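First comes the structure, then the notes that go with it.
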Amino acid sequence: MSNKNIRLITAVSVNVLVILIGIIVIYKVGSDAYNFGNNIFNEVSADTSNNAREVEVTINSGISAKELANTFYEKGLVNDKKLFYYQILVSDYKDKWVDGTYKLTTDMLPTDMLKVICVED
């Protein structure tokens with residue numbers, strides 16, 4: 001086999017490998033993005049009705065959406081603070097929460113918790 005043929009085979013092999021790696025990366029990123037988006041709109045509670053517990057949450061003035069998501073996560077009201085943060089951002093309740101102390105349960109959906117702590121227009 002000549003040197004020219006070896007270079008051609010090597011070039012084709014590298015191109016095929018790069019294309020395959022690109023396809024795998026695109027599939028993985030797309031799959032993760034789809035699952036994350038799906039989880040934002042298909043809400044689940046942190047616990048089932050049988051295991052639910054009541055949690056008291058105090059909301060102070062000026063709390064950001066990120067701090068609210070972190071508070072709910074630390075109290076065990078949501079399973080994923082990043083997911084809950086994005087649920088807040090796409091909801092109708094963004095920046096509408098009212099100062100106070102609220103009793104929430106771990107079997108509530110994120111939207112239901114936001115309804116309790118927010119003022120509707």
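Letters for chains follow the order of the structure tokens (A, B, ...), residue numbers begin at 1 for each chain, and ligand numbers begin at 1 in the order shown.
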
Quick one: pick out all strand (DSSP E or B) residues within segment 57-99 of chain A from a backbone DSSP run and write them as an MDAnalysis selection string. chainID A and resid 57:59 97

Using the chain letters and numbers from this document, which residues of segment 11-112 of chain A does DSSP assign to alpha helix (DSSP H), as a PyMOL selection string? chain A and resi 11-41+65-74+81-90+110-112

Could you jot down the atom CA of Ile59 of chain A to atom CA of Lys96 of chain A separation for me, Å, one decimal place?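 Separation between atom CA of Ile59 of chain A and atom CA of Lys96 of chain A: 11.6 Å.
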
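Of the listed residues (A:Ala69, A:Met113, A:Ile19, A:Val29), A:Ala69 comes nearest to Phe84 of chain A; the distances count only C-alpha atoms.
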
Which neighbours of Leu77 of chain A fall inside 6 Å, counting only C-alpha atoms, when residues of the same chain fewer than 4 positions from it are skipped, and could you give them as a PDB file with N, CA and C atoms, in the first residue's frame?
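What landed in result-v8.pdb:
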ATOM      1  N   ALA A  46     -42.312  16.857  46.182  1.00  0.00           N
ATOM      2  CA  ALA A  46     -41.129  16.284  46.832  1.00  0.00           C
ATOM      3  C   ALA A  46     -41.467  14.965  47.523  1.00  0.00           C
ATOM      4  N   PHE A  72     -36.619  26.834  49.630  1.00  0.00           N
ATOM      5  CA  PHE A  72     -37.551  25.717  49.474  1.00  0.00           C
ATOM      6  C   PHE A  72     -36.799  24.388  49.396  1.00  0.00           C
ATOM      7  N   TYR A  73     -35.641  24.390  48.763  1.00  0.00           N
ATOM      8  CA  TYR A  73     -34.827  23.177  48.672  1.00  0.00           C
ATOM      9  C   TYR A  73     -34.292  22.770  50.052  1.00  0.00           C
ATOM     10  N   THR A 106     -45.007  19.029  51.870  1.00  0.00           N
ATOM     11  CA  THR A 106     -44.063  18.471  50.898  1.00  0.00           C
ATOM     12  C   THR A 106     -44.756  17.723  49.766  1.00  0.00           C
TER      13      THR A 106
END

Tell me, in Å to one decimal, how far atom CA of Thr101 of chain A is from atom CA of Glu56 of chain A.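 Interatomic distance, atom CA of Thr101 of chain A to atom CA of Glu56 of chain A: 6.7 Å.
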
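Closest approach to Asn51 of chain A among A:Thr105, A:Asn15, A:Ser91, A:Thr71 is made by A:Thr105 (distances from only C-alpha atoms).
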